[in-house]
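Q: One structure coming up, written as structure tokens, with questions to follow.
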Amino acid sequence: MKSKLLPWLSAPYVLWMALFVVAPVIVVVIYAFTTSDWTVTAQNFTGMFRYAAIFGRSFLLAAIATVVCILIGYPTAYLLARTPAGFRRIANMLIMLPMWMNFLLRTYSWMFLLERNGLVNSVLRDIGFFSFLNGINSGLNGVLGTSLPTDVAYFGFLGSYGAVILGMVYNFLPFMILPIFSVIEKIDPKVIEAAQDLGANNRQVFSKVIFPLSLPGVLSGVTMVFIPSVSTFVISRLLGGGKTTLLGDLIEMQFTGSAYDPHVGSAVSLVMMVIVLVCMGIMNRFGEGESEAVLL
């Protein structure tokens with residue numbers, strides 16, 4: 001009786017996936033391989049090289065943001081896993097607290113912090129950081145004959161690549177911390193004790209036991225940070241000041257902007273989807289290889 005009932009219990013999930021995952025992908029594929037008069041063609045892909053700079057910029061900024069999230073998230077997750085349970089619950093709540101606020105509002109808040117007269121610029125101006133940069137720029141202009149701006153404080157960080165990366169790290173850092181924390185927390189203490197009994201010091205215990213066993217969490221975090229970073233358009237539009245065009249902005253412009261062409265937008269989306277799937281496959285393959293090495 002149960003075996004006959006199980007397929008019906010899964011029917012809502014299958015229907016949901018068919019309507020909101022499979023069907024949209026099919027529509028994207030149809031649009032990508034057709035023109036405005038619905039003629040089958042591949043010309044939407046042949047002109048893709050003119051967007052090579054946008055592809056490169058998107059993947060580079062997403063990779064930098066992912067690396068920064070690892071550098072911040074791994075030590076944070078490791079320390080959390082080693083703290084008492086009471087403090088751990090409070091820390092996890094504080095990490096998740098910003099996620100309770102709307103994504104758009106969180107990004108807007110950074111606009112006010114990074115603008116010319118915002119908090120970040122005011123603090124850096126007060127501690128003399130901009131005067132230091134102005135001095136360096138003036139010296140370089142005199143020695144190299146360049147024309148670097150000598151009033152850095154006038155511009156602020158808003159509208160720069162740094163602001164976009166900061167927005168990515170701020171919004172997606174919890175997605176790096178939590179998977180790593182979940183994996184490290186579940187590492188059996190007896191495994192660490194066995195390594196110590198065999199003469200391993202703290203550095204060797206971390207490099208030979210803890211880090212390899214935590215790689216699934218790292219790879220999961222990389223996937224959860226890299227994919228939304230490479231496809232974002234809200235962060236690049238608001239914090240990039242409209243000067244930093246990423247893949248998400250390009251696709252959004254093809255569907256709703258002045259360069260309206262959903263067929264080209266679908267082709268760009270499909271190419272990005274394939275690249276992301278290839279990257280995920282490589283990371284999963286790497287994770288399987290590391291897991292086998294640890295078991296051996």
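In the structure tokens, the first chain shown is A, the next is B, and so on; residue numbers restart at 1 for each chain, and ligands run from 1 in the order shown.
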What are the closest atom pairs, with distances in Å to one decimal, for each residue of segment 10-103 of chain A lying within 10 Å of segment 219-237 of chain A, using only C-alpha atoms, rows by chain and rising residue number, as CSV?
A:
```
residue,atom,partner,partner_atom,distance
A:Phe55,CA,A:Val230,CA,8.9
A:Arg57,CA,A:Val230,CA,9.2
A:Ser58,CA,A:Val230,CA,5.4
A:Phe59,CA,A:Val230,CA,5.8
A:Leu60,CA,A:Val230,CA,8.6
A:Leu61,CA,A:Val230,CA,7.6
A:Ala62,CA,A:Ser229,CA,5.1
A:Ala63,CA,A:Phe226,CA,6.6
A:Ile64,CA,A:Phe226,CA,9.2
A:Ala65,CA,A:Ser229,CA,7.6
A:Thr66,CA,A:Phe226,CA,5.8
A:Val67,CA,A:Val222,CA,8.4
A:Cys69,CA,A:Val225,CA,8.0
A:Ile70,CA,A:Val222,CA,7.8
A:Gly73,CA,A:Gly221,CA,9.1
A:Tyr74,CA,A:Gly221,CA,9.8
A:Phe103,CA,A:Val234,CA,9.1
```
Q: How would the residues just chosen look if you wrote them out with C-alpha atoms as a short mmCIF file (atom, residue, chain, number, x, y, z; two decimals), in the first residue's frame?
A:
```cif
data_model
loop_
_atom_site.label_atom_id
_atom_site.label_comp_id
_atom_site.auth_asym_id
_atom_site.auth_seq_id
_atom_site.Cartn_x
_atom_site.Cartn_y
_atom_site.Cartn_z
CA PHE A 55 31.85 37.41 -19.07
CA ARG A 57 34.58 40.65 -15.52
CA SER A 58 31.62 38.77 -14.04
CA PHE A 59 33.54 35.58 -13.36
CA LEU A 60 36.59 37.47 -12.05
CA LEU A 61 34.59 39.56 -9.55
CA ALA A 62 32.58 36.49 -8.49
CA ALA A 63 35.81 34.51 -8.00
CA ILE A 64 37.36 37.32 -5.93
CA ALA A 65 34.23 37.57 -3.79
CA THR A 66 34.22 33.80 -3.31
CA VAL A 67 37.88 33.76 -2.23
CA CYS A 69 34.26 34.69 1.63
CA ILE A 70 36.46 31.61 2.10
CA GLY A 73 34.13 32.29 6.42
CA TYR A 74 36.41 29.31 7.09
CA PHE A 103 18.13 41.70 -0.01
#
```
Q: Could you list, with a cut-off of 8 Å and counting only C-alpha atoms, the residues of segment 189-244 of chain A near segment 177-180 of chain A, each shown with its nearest atom pair and the distance in Å rounded to one decimal, rows sorted by chain and ascending number, as CSV?
A:
```
residue,atom,partner,partner_atom,distance
A:Ser214,CA,A:Ile180,CA,6.5
A:Leu215,CA,A:Ile180,CA,8.0
A:Pro216,CA,A:Ile180,CA,7.8
A:Gly217,CA,A:Ile180,CA,4.3
A:Val218,CA,A:Ile180,CA,5.6
A:Ser220,CA,A:Pro179,CA,6.5
A:Gly221,CA,A:Pro179,CA,5.9
```
Q: So how many Å separate atom CA of Phe20 of chain A and atom CA of Lys4 of chain A, to one decimal?
A: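 Answer for the atom CA of Phe20 of chain A to atom CA of Lys4 of chain A separation: 26.2 Å.
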Q: Nearest residue to Glu115 of chain A out of A:Leu158, A:Ile192, A:Ile30, A:Leu5, using only C-alpha atoms?
A: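 Nearest to Glu115 of chain A: A:Leu158.
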Q: What is the atom CA of Asn92 of chain A-atom CA of Met111 of chain A distance in Å, reported with one decimal?
A: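 Going from atom CA of Asn92 of chain A over to atom CA of Met111 of chain A covers 26.1 Å.
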Q: Mind pulling up the distance from atom CA of Ser109 of chain A to atom CA of Ile251 of chain A?
A: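 These atoms are spaced 25.0 Å apart.
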Q: Just want the 9 Å neighbourhood of Ala42 of chain A, counted on only C-alpha atoms, with same-chain residues fewer than 4 positions away dropped. Output as a ChimeraX atom specification.
A: /A:32-35,46
Q: For Gly240 of chain A, please output as an MDAnalysis selection string all residues within 6 Å (counting only C-alpha atoms; exclusion window: fewer than 3 positions along the same chain).
A: chainID A and resid 159:160 164 236:237 243:244
Q: Could you please take those selected residues and save N, CA and C atoms as a JSON list (two decimals), in the first residue's frame?
A:
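Generated output (out39.json):
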```json
[["chain", "number", "residue", "atom", "x", "y", "z"],
["A", 159, "GLY", "N", 30.41, 52.94, -6.78],
["A", 159, "GLY", "CA", 30.66, 52.95, -8.22],
["A", 159, "GLY", "C", 31.96, 52.30, -8.61],
["A", 160, "SER", "N", 32.61, 51.61, -7.68],
["A", 160, "SER", "CA", 33.88, 50.94, -7.98],
["A", 160, "SER", "C", 33.70, 49.43, -7.91],
["A", 164, "VAL", "N", 31.34, 46.66, -5.43],
["A", 164, "VAL", "CA", 30.57, 45.51, -5.90],
["A", 164, "VAL", "C", 31.01, 44.24, -5.17],
["A", 236, "SER", "N", 25.53, 44.97, -8.61],
["A", 236, "SER", "CA", 26.33, 45.73, -9.58],
["A", 236, "SER", "C", 25.64, 47.02, -9.99],
["A", 237, "ARG", "N", 24.33, 47.01, -10.06],
["A", 237, "ARG", "CA", 23.61, 48.22, -10.48],
["A", 237, "ARG", "C", 23.63, 49.27, -9.38],
["A", 243, "LYS", "N", 28.15, 51.66, -13.65],
["A", 243, "LYS", "CA", 29.40, 51.65, -14.42],
["A", 243, "LYS", "C", 29.96, 50.24, -14.55],
["A", 244, "THR", "N", 29.49, 49.32, -13.73],
["A", 244, "THR", "CA", 30.01, 47.96, -13.70],
["A", 244, "THR", "C", 28.96, 47.02, -14.28]]
```
Q: In terms of the shortest atom-to-atom distance over only C-alpha atoms, which of A:Val271, A:Thr76, A:Ala11, A:Arg125 is closest to Arg88 of chain A?
A: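 When distances to Arg88 of chain A are compared using only C-alpha atoms, the smallest one comes from A:Thr76.
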Q: Give me the residues within 12 Å of Ala91 of chain A as number ranges by chain, counting only C-alpha atoms and dropping any in the same chain fewer than 2 places off.
A: A: 76-77, 79-81, 83-89, 93-97, 174, 177-178, 181
Q: Can you spit out the residues from that selection as a PDB file, in the first residue's frame, using C-alpha atoms?
A:
```
ATOM      1  CA  THR A  76      34.742  31.962  11.471  1.00  0.00           C
ATOM      2  CA  ALA A  77      33.112  28.561  10.938  1.00  0.00           C
ATOM      3  CA  LEU A  79      35.997  28.974  15.642  1.00  0.00           C
ATOM      4  CA  LEU A  80      32.227  28.624  15.935  1.00  0.00           C
ATOM      5  CA  ALA A  81      32.493  24.835  15.816  1.00  0.00           C
ATOM      6  CA  THR A  83      32.949  27.278  20.965  1.00  0.00           C
ATOM      7  CA  PRO A  84      30.421  26.284  23.674  1.00  0.00           C
ATOM      8  CA  ALA A  85      26.907  25.484  22.504  1.00  0.00           C
ATOM      9  CA  GLY A  86      25.335  28.566  24.121  1.00  0.00           C
ATOM     10  CA  PHE A  87      27.656  31.038  22.436  1.00  0.00           C
ATOM     11  CA  ARG A  88      27.362  29.068  19.187  1.00  0.00           C
ATOM     12  CA  ARG A  89      23.581  29.551  19.073  1.00  0.00           C
ATOM     13  CA  MET A  93      21.606  33.925  15.134  1.00  0.00           C
ATOM     14  CA  LEU A  94      23.759  37.033  14.592  1.00  0.00           C
ATOM     15  CA  ILE A  95      25.071  35.592  11.324  1.00  0.00           C
ATOM     16  CA  MET A  96      21.564  34.887  10.089  1.00  0.00           C
ATOM     17  CA  LEU A  97      20.047  38.113  11.410  1.00  0.00           C
ATOM     18  CA  PRO A 174      26.511  33.449   5.500  1.00  0.00           C
ATOM     19  CA  ILE A 177      30.000  30.089   6.835  1.00  0.00           C
ATOM     20  CA  LEU A 178      27.027  27.833   7.527  1.00  0.00           C
ATOM     21  CA  PHE A 181      30.348  25.125  10.129  1.00  0.00           C
TER      22      PHE A 181
END
```
Q: Hey, what's within 12 Å of Met253 of chain A if we count only C-alpha atoms and toss same-chain stuff fewer than 5 positions away? As a ChimeraX atom specification, please?
A: /A:233,237,242,245-248,258-266,268
Q: Could you give me, as a CSV table (one decimal) with N, CA, C and O atoms, in the first residue's frame, the residues within 12 Å of Phe112 of chain A, counting only C-alpha atoms and dropping anything in the same chain fewer than 3 positions from it?
A:
```
chain,number,residue,atom,x,y,z
A,105,LEU,N,17.1,46.0,0.4
A,105,LEU,CA,17.3,46.9,1.5
A,105,LEU,C,18.7,46.9,2.0
A,105,LEU,O,19.3,47.9,2.3
A,106,ARG,N,19.2,45.6,2.2
A,106,ARG,CA,20.6,45.5,2.6
A,106,ARG,C,21.6,46.1,1.7
A,106,ARG,O,22.6,46.8,2.1
A,107,THR,N,21.3,46.0,0.4
A,107,THR,CA,22.2,46.6,-0.6
A,107,THR,C,22.1,48.1,-0.6
A,107,THR,O,23.1,48.8,-0.8
A,108,TYR,N,20.9,48.6,-0.5
A,108,TYR,CA,20.6,50.0,-0.4
A,108,TYR,C,21.4,50.7,0.8
A,108,TYR,O,21.9,51.8,0.7
A,109,SER,N,21.4,49.9,1.9
A,109,SER,CA,22.1,50.5,3.1
A,109,SER,C,23.6,50.7,2.8
A,109,SER,O,24.2,51.7,3.3
A,115,GLU,N,28.7,56.1,-0.1
A,115,GLU,CA,28.7,57.3,-0.9
A,115,GLU,C,29.7,58.3,-0.5
A,115,GLU,O,30.4,58.2,0.6
A,116,ARG,N,29.9,59.4,-1.2
A,116,ARG,CA,30.9,60.4,-1.0
A,116,ARG,C,31.0,60.9,0.4
A,116,ARG,O,32.0,61.0,1.0
A,117,ASN,N,29.8,61.2,1.0
A,117,ASN,CA,29.8,61.7,2.4
A,117,ASN,C,29.2,60.7,3.3
A,117,ASN,O,28.7,61.0,4.4
A,118,GLY,N,29.4,59.4,3.0
A,118,GLY,CA,28.9,58.3,3.8
A,118,GLY,C,29.8,58.1,5.0
A,118,GLY,O,30.9,58.7,5.1
A,119,LEU,N,29.4,57.1,5.8
A,119,LEU,CA,30.2,56.8,7.0
A,119,LEU,C,31.6,56.3,6.7
A,119,LEU,O,32.5,56.7,7.3
A,120,VAL,N,31.7,55.4,5.7
A,120,VAL,CA,33.0,54.8,5.4
A,120,VAL,C,34.0,55.9,4.9
A,120,VAL,O,35.1,56.0,5.4
A,121,ASN,N,33.5,56.8,4.0
A,121,ASN,CA,34.4,57.8,3.5
A,121,ASN,C,34.7,58.8,4.6
A,121,ASN,O,35.9,59.3,4.7
A,122,SER,N,33.8,59.1,5.5
A,122,SER,CA,34.0,60.0,6.6
A,122,SER,C,35.1,59.5,7.5
A,122,SER,O,36.0,60.2,8.0
A,156,GLY,N,34.8,58.7,-3.5
A,156,GLY,CA,34.3,57.6,-2.6
A,156,GLY,C,34.4,56.3,-3.3
A,156,GLY,O,35.0,56.1,-4.4
A,157,PHE,N,33.9,55.3,-2.6
A,157,PHE,CA,34.0,53.9,-3.1
A,157,PHE,C,32.8,53.5,-3.9
A,157,PHE,O,32.8,52.5,-4.6
A,158,LEU,N,31.7,54.2,-3.8
A,158,LEU,CA,30.5,53.8,-4.5
A,158,LEU,C,30.8,54.0,-6.0
A,158,LEU,O,31.3,55.0,-6.5
A,163,ALA,N,33.4,48.2,-4.3
A,163,ALA,CA,32.1,48.3,-3.8
A,163,ALA,C,31.2,47.1,-4.2
A,163,ALA,O,30.4,46.5,-3.4
A,238,LEU,N,23.4,48.9,-8.1
A,238,LEU,CA,23.3,49.8,-7.0
A,238,LEU,C,24.7,50.3,-6.6
A,238,LEU,O,24.9,51.5,-6.4
A,239,LEU,N,25.6,49.3,-6.3
A,239,LEU,CA,26.9,49.6,-5.7
A,239,LEU,C,27.9,49.9,-6.8
A,239,LEU,O,28.9,50.6,-6.6
```
Q: Could you pull out the residues in segment 64-131 of chain A that DSSP calls alpha helix (DSSP H) from the backbone, as a PyMOL selection string?
A: chain A and resi 64-81+85-96+103-114+119-126+129-131
Q: Using the selection just defined, write its residues with C-alpha atoms as a PDB file, in the first residue's frame.
A:
```pdb
ATOM      1  CA  ILE A  64      37.363  37.318  -5.926  1.00  0.00           C
ATOM      2  CA  ALA A  65      34.228  37.574  -3.785  1.00  0.00           C
ATOM      3  CA  THR A  66      34.223  33.800  -3.313  1.00  0.00           C
ATOM      4  CA  VAL A  67      37.885  33.762  -2.235  1.00  0.00           C
ATOM      5  CA  VAL A  68      37.253  36.597   0.233  1.00  0.00           C
ATOM      6  CA  CYS A  69      34.265  34.686   1.626  1.00  0.00           C
ATOM      7  CA  ILE A  70      36.461  31.610   2.105  1.00  0.00           C
ATOM      8  CA  LEU A  71      39.187  33.625   3.852  1.00  0.00           C
ATOM      9  CA  ILE A  72      36.623  35.144   6.218  1.00  0.00           C
ATOM     10  CA  GLY A  73      34.127  32.292   6.421  1.00  0.00           C
ATOM     11  CA  TYR A  74      36.415  29.315   7.091  1.00  0.00           C
ATOM     12  CA  PRO A  75      38.120  30.717  10.231  1.00  0.00           C
ATOM     13  CA  THR A  76      34.742  31.962  11.471  1.00  0.00           C
ATOM     14  CA  ALA A  77      33.112  28.561  10.938  1.00  0.00           C
ATOM     15  CA  TYR A  78      36.078  26.769  12.533  1.00  0.00           C
ATOM     16  CA  LEU A  79      35.997  28.974  15.642  1.00  0.00           C
ATOM     17  CA  LEU A  80      32.227  28.624  15.935  1.00  0.00           C
ATOM     18  CA  ALA A  81      32.493  24.835  15.816  1.00  0.00           C
ATOM     19  CA  ALA A  85      26.907  25.484  22.504  1.00  0.00           C
ATOM     20  CA  GLY A  86      25.335  28.566  24.121  1.00  0.00           C
ATOM     21  CA  PHE A  87      27.656  31.038  22.436  1.00  0.00           C
ATOM     22  CA  ARG A  88      27.362  29.068  19.187  1.00  0.00           C
ATOM     23  CA  ARG A  89      23.581  29.551  19.073  1.00  0.00           C
ATOM     24  CA  ILE A  90      23.916  33.294  19.654  1.00  0.00           C
ATOM     25  CA  ALA A  91      26.638  33.600  16.991  1.00  0.00           C
ATOM     26  CA  ASN A  92      24.575  31.660  14.456  1.00  0.00           C
ATOM     27  CA  MET A  93      21.606  33.925  15.134  1.00  0.00           C
ATOM     28  CA  LEU A  94      23.759  37.033  14.592  1.00  0.00           C
ATOM     29  CA  ILE A  95      25.071  35.592  11.324  1.00  0.00           C
ATOM     30  CA  MET A  96      21.564  34.887  10.089  1.00  0.00           C
ATOM     31  CA  PHE A 103      18.129  41.695  -0.007  1.00  0.00           C
ATOM     32  CA  LEU A 104      17.401  45.003  -1.761  1.00  0.00           C
ATOM     33  CA  LEU A 105      17.269  46.950   1.511  1.00  0.00           C
ATOM     34  CA  ARG A 106      20.601  45.493   2.635  1.00  0.00           C
ATOM     35  CA  THR A 107      22.206  46.590  -0.617  1.00  0.00           C
ATOM     36  CA  TYR A 108      20.636  50.045  -0.408  1.00  0.00           C
ATOM     37  CA  SER A 109      22.109  50.479   3.077  1.00  0.00           C
ATOM     38  CA  TRP A 110      25.606  50.031   1.639  1.00  0.00           C
ATOM     39  CA  MET A 111      24.890  52.767  -0.903  1.00  0.00           C
ATOM     40  CA  PHE A 112      24.518  55.270   1.929  1.00  0.00           C
ATOM     41  CA  LEU A 113      27.588  53.918   3.729  1.00  0.00           C
ATOM     42  CA  LEU A 114      29.845  54.076   0.652  1.00  0.00           C
ATOM     43  CA  LEU A 119      30.168  56.750   7.006  1.00  0.00           C
ATOM     44  CA  VAL A 120      33.020  54.815   5.360  1.00  0.00           C
ATOM     45  CA  ASN A 121      34.392  57.832   3.501  1.00  0.00           C
ATOM     46  CA  SER A 122      34.037  60.040   6.593  1.00  0.00           C
ATOM     47  CA  VAL A 123      35.987  57.625   8.783  1.00  0.00           C
ATOM     48  CA  LEU A 124      38.735  57.152   6.190  1.00  0.00           C
ATOM     49  CA  ARG A 125      38.942  60.914   5.706  1.00  0.00           C
ATOM     50  CA  ASP A 126      39.215  61.490   9.454  1.00  0.00           C
ATOM     51  CA  PHE A 129      43.696  57.580   4.657  1.00  0.00           C
ATOM     52  CA  PHE A 130      42.667  59.699   1.684  1.00  0.00           C
ATOM     53  CA  SER A 131      45.487  62.176   2.330  1.00  0.00           C
TER      54      SER A 131
END
```
